[in-house]
There are 2 protein chains.
Amino acid sequence: MVLRVGVVGGGQLARMMIPAAVNLGIEIRVLAEAEGMSAALAARSVGDYRDLATVAAFAADVDVITFDHEHVPQAVLRALTSSGVAVHPGPEALQFAQDKLRMRERLAALGTPQPDWAAVTNEAELQVFLDAHGGRGVVKMPRGGYDGKGVRIVSGAAEAADWFAAVAGDPAGNALLVEELVDFRRELAQLVARRPSGEVGHWPVVETVQIDGVCAEVFAPAPKASARLLEVAGEIGDAIVSGLGVTGVMAVELFETSDDRLLVNELAMRPHNSGHWTQDGAVTSQFEQHLRAVLDLPLGDAGATAPWTVMMNILGGPSEGPLDARYVSAMSAVPHAKIHNYGKDPRPGRKVGHINVTGEVLDDVTYDAREAAAAFQD
Amino acid sequence: MVLRVGVVGGGQLARMMIPAAVNLGIEIRVLAEAEGMSAALAARSVGDYRDLATVAAFAADVDVITFDHEHVPQAVLRALTSSGVAVHPGPEALQFAQDKLRMRERLAALGTPQPDWAAVTNEAELQVFLDAHGGRGVVKMPRGGYDGKGVRIVSGAAEAADWFAAVAGDPAGNALLVEELVDFRRELAQLVARRPSGEVGHWPVVETVQIDGVCAEVFAPAPKASARLLEVAGEIGDAIVSGLGVTGVMAVELFETSDDRLLVNELAMRPHNSGHWTQDGAVTSQFEQHLRAVLDLPLGDAGATAPWTVMMNILGGPSEGPLDARYVSAMSAVPHAKIHNYGKDPRPGRKVGHINVTGEVLDDVTYDAREAAAAFQD
């Protein structure tokens with residue numbers, strides 16, 4: 001008997017579970033959306049993850065179902081668990097990743113620090129919130145957004161008119177989420193894992209730098225992080241992953257405010273871009289930890305292996321040719337850069353890979369990571 | 001265009017190239033000996049590596065052919081290169097791994113330090129060598145041995161009578177190799193890589209502990225290694241890999257004598273058990289380096305990421321059940337142990353996996369690695 005994990009979704013997160021599965025002798029099977037996707041090497045099926053029959057057939061031959069993304073519908077998830085399939089994270093937890101309003105409500109009930117927020121169903125309600133928060137706010141579609149999509153900064157309620165229209169009559173709810181525009185010093189991310197039997201473990205908190213709403217750079221651990229910051233961020237991660245009953249890896253995106261508070265921005269219930277540094281900078285990568293967690297195996301050591309790790313996304317890639325056409329220059333420039341290539345065609349703004357560099361001196365590590373990443377950009 | 005590497009042989013060395021290939025976006029295709037082998041995830045073909053038509057068909061769709069083992073016949077290798085296939089390491093180099101007499105002759109010509117040796121074609125010649133070396137010696141079959149097979153310590157020429165009979169009339173040569181029994185303090189291994197365009201890079205020399213002729217434990221770097229030892233071992237590795245024209249990763253097994261000399265014991269022209277520590281203890285693993293080298297890409301940094309890495313083989317495995325049935329105990333006992341499971345059925349003496357542990361204090365690292373490995377033995 002070999003342990004078998006089924007991953008719904010064939011993107012780069014599923015792809016990056018493959019090395020960890022190979023090392024641990026875990027059979028990984030992927031249900032991909034199409035042929036030739038990033039995780040094609042492990043693709044056993046191609047089909048629609050919204051179709052119960054497709055997902056149920058895929059689930060029949062594995063020990064546990066987990067995910068490359070959070071988009072599998074609740075009805076499919078609940079039908080699977082009802083029929084006895086182990087699904088991690090499960091539908092009860094995933095609903096909080098799938099609906100940002102439910103997430104805010106639940107975090108409020110847990111007492112988690114978060115920005116001021118409100119559920120608003122019309123422009124008048126939104127304007128009241130904006131007026132109470134300096135005239136501006138962040139409006140979010142509760143469902144379906146990612147990487148900055150479905151998020152809009154507004155300075156008047158009329159700017160969200162089209163989104164009110166879009167959710168009007170939605171059986172899942174006709175409210176939008178509005179949040180205060182937080183005066184933050186920087187963005188952090190706390191990566192944490194939990195197994196079904198309850199064990200929780202977190203990595204050191206990292207700083208993330210977003211460009212146009214997309215994660216571009218990660219510094220691990222967060223520079224100038226005090227012992228208190230590391231502790232508080234870890235506690236927030238542990239409390240959320242346990243409070244929401246998440247199984248597997250979860251990322252908590254945080255604002256560090258100019259008055260030294262940590263507020264929860266977003267949650268991702270899967271391995272996350274902010275955790276890619278763990279592949280080369282932590283004893284246990286987020287991908288290995290996710291596999292261990294969803295199989296309810298003891299969690300691995302989440303400590304860092306080097307004083308600093310810097311992760312740089314390769315966004316878009318070369319204007320012509322594949323990533324590997326730049327390998328000679330990138331590898332010559334920085335022989336210690338770890339290149340992660342998702343096997344996707346370069347396209348403006350697309351995440352096609354990333355670079356990890358580890359070392360003793362943050363400035364040097366950052367310089368080297370940027371130099372290696374730059375070899376893949378025009 | 002994605003880089004494509006074809007690996008002949010479906011064992012654990014091919015398997016462990018998969019994670020490196022996935023990370024680098026290299027398409028890896030394996031020609032396996034049978035279904036369900038260790039590298040089955042990447043198996044595109046199943047067939048006999050001794051059959052030219054089979055190997056040539058497999059080679060047609062890849063950029064370079066490389067190997068999980070050194071057993072592909074010279075005739076097949078030379079036919080491939082004649083037809084324009086890139087083969088790394090090539091037949092000229094591989095002949096020295098396939099025939100230990102040729103290896104000794106070539107190393108002698110290079111001036112490499114090695115044990116006294118002779119080619120002997122009958123018992124009388126062998127006895128002359130033994131008499132000149134204290135009455136004992138190590139007799140080796142020049143071709144076909146590995147992991148201690150084909151190696152015999154003798155104290156009289158008659159003890160090799162059956163082997164003389166076995167090679168009599170062999171068109172590849174009717175001589176046996178005899179070597180002096182070296183008075184060694186310990187065994188070391190120097191791992192090195194070379195790309196076709198000439199670049200060479202070596203890892204720090206390691207100490208290997210053999211049990212019954214099989215590698216059991218590796219300590220990286222070799223404990224109490226002086227700067228001079230590290231330098232000399234590296235120079236020996238560099239000189240051999242260049243002198244023999246090896247492309248890809250090569251391991252040089254060395255004796256450290258009680259009078260502080262280094263003598264070459266064996267060569268392996270492929271990733272090697274003595275280099276498994278690099279998966280978790282070096283910036284660039286031997287598997288990534290091998291892929292880079294055979295594709296003639298710039299070599300990665302071969303430095304260590306931690307003061308110490310200890311590798312323990314899992315030999316045989318549990319008397320009942322698969323390796324993963326022991327994961328709960330092994331992972332609980334040592335959360336920082338890196339488990340490598342080759343997906344092979346446990347069988348007495350068989351290499352079914354290994355453990356890597358890194359850390360600051362050698363005694364602690366050794367203890368932890370042994371504890372984790374012990375969880376897989378009865």
# chains A, B, ... in the order shown; residues from 1 in each chain; ligands from 1
>>> closest_atom_pairs(of="chain A", to="chain B", cutoff="8 Å", atoms="only C-alpha atoms", output="Markdown table")
| residue | atom | partner | partner_atom | distance |
| --- | --- | --- | --- | --- |
| A:Met1 | CA | B:Pro322 | CA | 6.6 |
| A:Val2 | CA | B:Asp324 | CA | 7.1 |
| A:Leu3 | CA | B:Asp324 | CA | 7.3 |
| A:Arg15 | CA | B:Val22 | CA | 7.6 |
| A:Met16 | CA | B:Asn23 | CA | 7.5 |
| A:Ile18 | CA | B:Pro19 | CA | 7.0 |
| A:Pro19 | CA | B:Pro19 | CA | 4.2 |
| A:Ala20 | CA | B:Pro19 | CA | 7.7 |
| A:Val22 | CA | B:Pro19 | CA | 7.0 |
| A:Asn23 | CA | B:His340 | CA | 4.7 |
| A:Leu24 | CA | B:Asn341 | CA | 5.2 |
| A:Gly25 | CA | B:Asn341 | CA | 4.8 |
| A:Leu41 | CA | B:Ala42 | CA | 7.3 |
| A:Ala42 | CA | B:Leu41 | CA | 7.3 |
| A:Val283 | CA | B:His336 | CA | 6.3 |
| A:Thr284 | CA | B:His336 | CA | 7.4 |
| A:Leu297 | CA | B:Val328 | CA | 6.0 |
| A:Pro298 | CA | B:Met331 | CA | 5.7 |
| A:Leu299 | CA | B:Pro335 | CA | 6.8 |
| A:Gly300 | CA | B:Pro335 | CA | 4.6 |
| A:Asp301 | CA | B:His336 | CA | 4.9 |
| A:Thr305 | CA | B:Thr305 | CA | 7.7 |
| A:Ala306 | CA | B:Thr305 | CA | 7.7 |
| A:Gly321 | CA | B:Met1 | CA | 7.9 |
| A:Pro322 | CA | B:Met1 | CA | 6.6 |
| A:Asp324 | CA | B:Val2 | CA | 7.1 |
| A:Tyr327 | CA | B:Leu297 | CA | 7.1 |
| A:Val328 | CA | B:Leu297 | CA | 6.0 |
| A:Met331 | CA | B:Pro298 | CA | 5.7 |
| A:Ser332 | CA | B:Pro298 | CA | 5.7 |
| A:Pro335 | CA | B:Gly300 | CA | 4.6 |
| A:His336 | CA | B:Asp301 | CA | 4.9 |
| A:Ala337 | CA | B:Gly300 | CA | 8.0 |
| A:Ile339 | CA | B:Leu24 | CA | 6.0 |
| A:His340 | CA | B:Asn23 | CA | 4.7 |
| A:Asn341 | CA | B:Gly25 | CA | 4.8 |
| A:Tyr342 | CA | B:Gly25 | CA | 6.1 |
| A:Gly343 | CA | B:Gly25 | CA | 5.2 |
>>> write_last_selection(atoms="N, CA and C atoms", output="compact mmCIF listing (two decimals), in the first residue's frame")
# COMPACT_ATOMS: atom_id res chain seq x y z
N MET A 1 0.84 -1.21 0.00
CA MET A 1 0.00 0.00 0.00
C MET A 1 0.87 1.25 0.00
N VAL A 2 0.71 2.02 -1.02
CA VAL A 2 1.41 3.30 -1.10
C VAL A 2 0.38 4.40 -0.82
N LEU A 3 0.79 5.41 -0.11
CA LEU A 3 -0.10 6.53 0.15
C LEU A 3 -0.40 7.25 -1.17
N ARG A 15 1.81 21.14 -9.33
CA ARG A 15 3.12 20.75 -9.87
C ARG A 15 4.19 20.69 -8.78
N MET A 16 4.19 21.70 -7.92
CA MET A 16 5.26 21.77 -6.93
C MET A 16 5.06 20.79 -5.77
N ILE A 18 4.73 17.69 -6.58
CA ILE A 18 5.30 16.46 -7.16
C ILE A 18 6.66 16.13 -6.55
N PRO A 19 7.60 17.09 -6.49
CA PRO A 19 8.89 16.72 -5.89
C PRO A 19 8.75 16.19 -4.46
N ALA A 20 7.90 16.81 -3.66
CA ALA A 20 7.72 16.34 -2.29
C ALA A 20 7.12 14.94 -2.28
N VAL A 22 7.39 12.64 -4.64
CA VAL A 22 8.40 11.70 -5.11
C VAL A 22 9.36 11.36 -3.97
N ASN A 23 9.81 12.38 -3.25
CA ASN A 23 10.74 12.13 -2.15
C ASN A 23 10.12 11.20 -1.10
N LEU A 24 8.86 11.45 -0.76
CA LEU A 24 8.22 10.69 0.31
C LEU A 24 7.59 9.38 -0.18
N GLY A 25 7.72 9.09 -1.45
CA GLY A 25 7.13 7.86 -1.94
C GLY A 25 5.62 7.88 -1.93
N LEU A 41 2.73 16.19 -15.55
CA LEU A 41 3.47 14.95 -15.27
C LEU A 41 2.67 14.00 -14.40
N ALA A 42 1.88 14.56 -13.46
CA ALA A 42 1.12 13.72 -12.54
C ALA A 42 -0.36 13.65 -12.89
N VAL A 283 13.38 23.73 6.46
CA VAL A 283 13.63 22.29 6.60
C VAL A 283 12.51 21.51 5.90
N THR A 284 11.28 21.98 6.08
CA THR A 284 10.14 21.33 5.43
C THR A 284 9.46 22.36 4.54
N LEU A 297 -0.22 12.90 8.68
CA LEU A 297 1.09 12.46 9.15
C LEU A 297 1.69 13.55 10.04
N PRO A 298 2.62 13.20 10.93
CA PRO A 298 3.25 14.23 11.76
C PRO A 298 3.88 15.33 10.91
N LEU A 299 3.72 16.57 11.35
CA LEU A 299 4.25 17.69 10.59
C LEU A 299 5.77 17.73 10.70
N GLY A 300 6.40 18.25 9.65
CA GLY A 300 7.85 18.42 9.64
C GLY A 300 8.26 19.73 10.29
N ASP A 301 9.55 19.81 10.58
CA ASP A 301 10.16 21.01 11.15
C ASP A 301 9.99 22.17 10.17
N THR A 305 16.41 27.22 7.13
CA THR A 305 17.72 26.58 7.04
C THR A 305 18.84 27.60 6.84
N ALA A 306 18.47 28.85 6.63
CA ALA A 306 19.48 29.89 6.40
C ALA A 306 18.98 31.17 7.06
N GLY A 321 10.40 33.48 -26.60
CA GLY A 321 11.05 32.23 -26.22
C GLY A 321 10.67 31.78 -24.83
N PRO A 322 11.00 30.54 -24.53
CA PRO A 322 10.66 29.96 -23.23
C PRO A 322 11.66 30.39 -22.16
N ASP A 324 13.61 28.59 -20.43
CA ASP A 324 14.91 27.92 -20.42
C ASP A 324 15.90 28.48 -21.44
N TYR A 327 18.45 30.22 -19.44
CA TYR A 327 19.12 29.50 -18.35
C TYR A 327 20.63 29.78 -18.31
N VAL A 328 21.25 29.88 -19.50
CA VAL A 328 22.70 30.08 -19.49
C VAL A 328 23.04 31.39 -18.78
N MET A 331 21.88 31.13 -14.86
CA MET A 331 22.69 30.20 -14.06
C MET A 331 24.14 30.67 -13.95
N SER A 332 24.66 31.30 -15.00
CA SER A 332 26.02 31.84 -14.92
C SER A 332 26.09 33.00 -13.95
N PRO A 335 25.09 31.26 -9.58
CA PRO A 335 25.12 29.78 -9.51
C PRO A 335 24.38 29.20 -8.30
N HIS A 336 24.10 30.03 -7.31
CA HIS A 336 23.37 29.50 -6.15
C HIS A 336 21.89 29.84 -6.20
N ALA A 337 21.41 30.44 -7.27
CA ALA A 337 19.97 30.70 -7.40
C ALA A 337 19.25 29.39 -7.69
N ILE A 339 16.13 27.89 -9.37
CA ILE A 339 15.15 28.27 -10.39
C ILE A 339 13.96 27.32 -10.33
N HIS A 340 12.77 27.89 -10.29
CA HIS A 340 11.54 27.09 -10.33
C HIS A 340 10.73 27.54 -11.54
N ASN A 341 10.58 26.64 -12.47
CA ASN A 341 9.96 26.93 -13.77
C ASN A 341 8.67 26.11 -13.85
N TYR A 342 7.53 26.81 -13.99
CA TYR A 342 6.24 26.11 -13.92
C TYR A 342 5.84 25.42 -15.22
N GLY A 343 6.70 25.55 -16.24
CA GLY A 343 6.36 24.89 -17.51
C GLY A 343 5.19 25.56 -18.22
>>> select_by_dssp(residues="stretch 8-207 of chain A", states="helix (DSSP H, G or I)", output="number ranges by chain")
A: 12-24, 40-42, 52-59, 74-82, 91-98, 100-110, 123-132, 157-167
>>> residues_around(residues="stretch 117-134 of chain B", least_positions_apart="2", cutoff="12 Å", atoms="only C-alpha atoms", output="compact mmCIF listing (two decimals) with C-alpha atoms, in the first residue's frame")
# COMPACT_ATOMS: atom_id res chain seq x y z
CA ASP B 99 35.72 -2.09 -17.28
CA LYS B 100 37.80 -1.69 -14.13
CA LEU B 101 41.00 -2.77 -15.85
CA ARG B 102 40.66 -0.01 -18.40
CA MET B 103 39.92 2.38 -15.56
CA ARG B 104 43.13 1.37 -13.74
CA GLU B 105 45.17 1.69 -16.94
CA LEU B 107 44.17 6.42 -14.16
CA ALA B 108 47.77 5.18 -14.22
CA PRO B 113 47.11 7.94 -6.98
CA GLN B 114 45.67 4.44 -6.74
CA PRO B 115 46.39 1.12 -5.06
CA ARG B 136 46.66 -11.17 0.11
CA GLY B 137 44.84 -9.02 -2.42
CA VAL B 138 41.48 -7.90 -3.77
CA VAL B 139 40.44 -9.68 -6.93
CA LYS B 140 37.79 -7.98 -9.07
CA MET B 141 35.82 -9.02 -12.08
CA PRO B 142 36.58 -6.17 -14.48
CA ILE B 153 39.48 -10.71 -0.93
CA VAL B 154 41.82 -13.67 -1.51
CA SER B 155 44.85 -15.05 0.29
CA GLY B 156 45.75 -17.52 -2.42
CA ALA B 157 45.39 -17.57 -6.21
CA ALA B 158 43.29 -20.74 -6.18
CA GLU B 159 40.47 -18.77 -4.58
CA ALA B 160 39.94 -16.98 -7.91
CA ALA B 161 39.91 -20.11 -10.07
CA ASP B 162 36.19 -19.90 -10.84
CA TRP B 163 36.53 -16.27 -11.93
CA PHE B 164 39.43 -17.04 -14.26
CA ALA B 165 37.19 -19.69 -15.78
CA ALA B 166 34.34 -17.19 -16.01
CA VAL B 167 36.31 -14.62 -18.04
CA ALA B 168 38.22 -17.18 -20.15
CA GLY B 169 37.33 -16.55 -23.76
CA ASP B 170 35.51 -13.29 -22.98
CA GLY B 173 39.33 -9.60 -22.16
CA ASN B 174 40.31 -12.67 -20.18
CA ALA B 175 42.16 -10.91 -17.36
CA LEU B 176 41.07 -10.29 -13.81
CA LEU B 177 42.03 -7.18 -11.86
CA VAL B 178 43.96 -7.65 -8.65
CA GLU B 179 44.64 -4.80 -6.26
CA GLU B 180 46.65 -4.49 -3.08
CA LEU B 181 44.63 -4.70 0.12
CA VAL B 182 44.92 -1.08 1.21
CA ASP B 183 45.52 -0.33 4.87
CA LEU B 263 43.96 6.34 -3.37
CA VAL B 264 41.19 5.87 -5.90
CA ASN B 265 39.08 2.81 -5.19
>>> atom_distance(atom1="atom CA of B:Val205", atom2="atom CA of B:Gly248")
17.5 Å
>>> residues_around(residues="stretch 218-224 of chain A", least_positions_apart="5", cutoff="12 Å", atoms="only C-alpha atoms", output="short mmCIF file (atom, residue, chain, number, x, y, z; two decimals) with C-alpha atoms, in the first residue's frame")
data_model
loop_
_atom_site.label_atom_id
_atom_site.label_comp_id
_atom_site.auth_asym_id
_atom_site.auth_seq_id
_atom_site.Cartn_x
_atom_site.Cartn_y
_atom_site.Cartn_z
CA ARG A 186 4.19 46.65 4.97
CA GLU A 187 2.49 43.40 4.12
CA LEU A 188 3.41 40.18 5.86
CA ALA A 189 2.33 36.57 5.42
CA GLN A 190 2.09 33.88 8.03
CA LEU A 191 2.21 30.34 6.69
CA TRP A 203 6.95 28.88 9.58
CA PRO A 204 8.55 32.24 10.44
CA VAL A 205 6.47 35.20 9.24
CA VAL A 206 7.65 36.75 5.97
CA GLU A 207 7.39 40.13 4.26
CA THR A 208 5.64 40.17 0.90
CA VAL A 209 5.90 42.87 -1.71
CA GLN A 210 2.97 43.13 -4.09
CA ILE A 211 3.07 44.79 -7.49
CA LEU A 229 6.28 40.04 15.86
CA LEU A 230 7.29 36.47 15.03
CA ALA A 233 2.05 36.42 13.79
CA LEU A 254 -1.35 40.39 7.12
CA GLU A 256 1.57 45.49 9.65
CA HIS A 272 0.71 29.92 -1.34
CA ASN A 273 3.09 32.12 -3.29
CA SER A 274 4.26 33.67 -0.02
CA GLY A 275 5.50 30.21 0.98
CA HIS A 276 7.54 29.31 -2.09
CA TRP A 277 10.70 30.34 -0.21
CA THR A 278 10.26 27.23 1.94
CA GLN A 279 11.28 25.00 -0.99
CA ASP A 280 14.89 26.07 -0.58
CA GLY A 281 14.93 27.94 2.73
CA ALA A 282 13.04 25.78 5.23
CA GLY A 303 12.31 26.20 10.72
CA ALA A 304 14.48 28.14 8.29
CA THR A 305 17.72 26.58 7.04
CA ALA A 306 19.48 29.89 6.40
CA PRO A 307 19.42 33.34 7.97
CA TRP A 308 17.69 34.78 4.88
CA THR A 309 15.77 33.52 1.91
CA VAL A 310 14.48 35.83 -0.81
CA MET A 311 11.89 34.70 -3.34
CA MET A 312 11.35 36.63 -6.57
CA ASN A 313 8.50 35.78 -8.89
CA HIS A 354 10.23 31.99 -9.32
CA ILE A 355 13.74 32.25 -7.95
CA ASN A 356 14.85 31.42 -4.42
CA VAL A 357 18.19 32.55 -3.02
CA THR A 358 19.41 31.91 0.51
CA GLY A 359 22.34 33.38 2.40
CA GLU A 360 23.78 35.20 5.36
CA VAL A 361 23.42 38.85 4.34
CA LEU A 362 20.01 40.12 3.30
CA ASP A 363 21.27 42.78 0.90
CA VAL A 365 20.68 37.68 -1.09
CA THR A 366 18.22 40.25 -2.42
CA ALA A 369 17.74 36.99 -6.37
CA ARG A 370 16.90 40.10 -8.38
#
>>> atom_distance(atom1="atom CA of A:Glu266", atom2="atom CA of A:Gly234")
15.4 Å
>>> residues_around(residues="stretch 87-90 of chain B", least_positions_apart="3", cutoff="6 Å", atoms="only C-alpha atoms", output="number ranges by chain")
B: 64-66, 93, 246-247, 294
>>> atom_distance(atom1="atom CA of B:Ala216", atom2="atom CA of B:Gly135")
29.5 Å
>>> closest_residue(among="B:Leu244, B:Ala34, B:Leu291, B:Ala268", to="B:Gly6", atoms="only C-alpha atoms")
B:Leu291
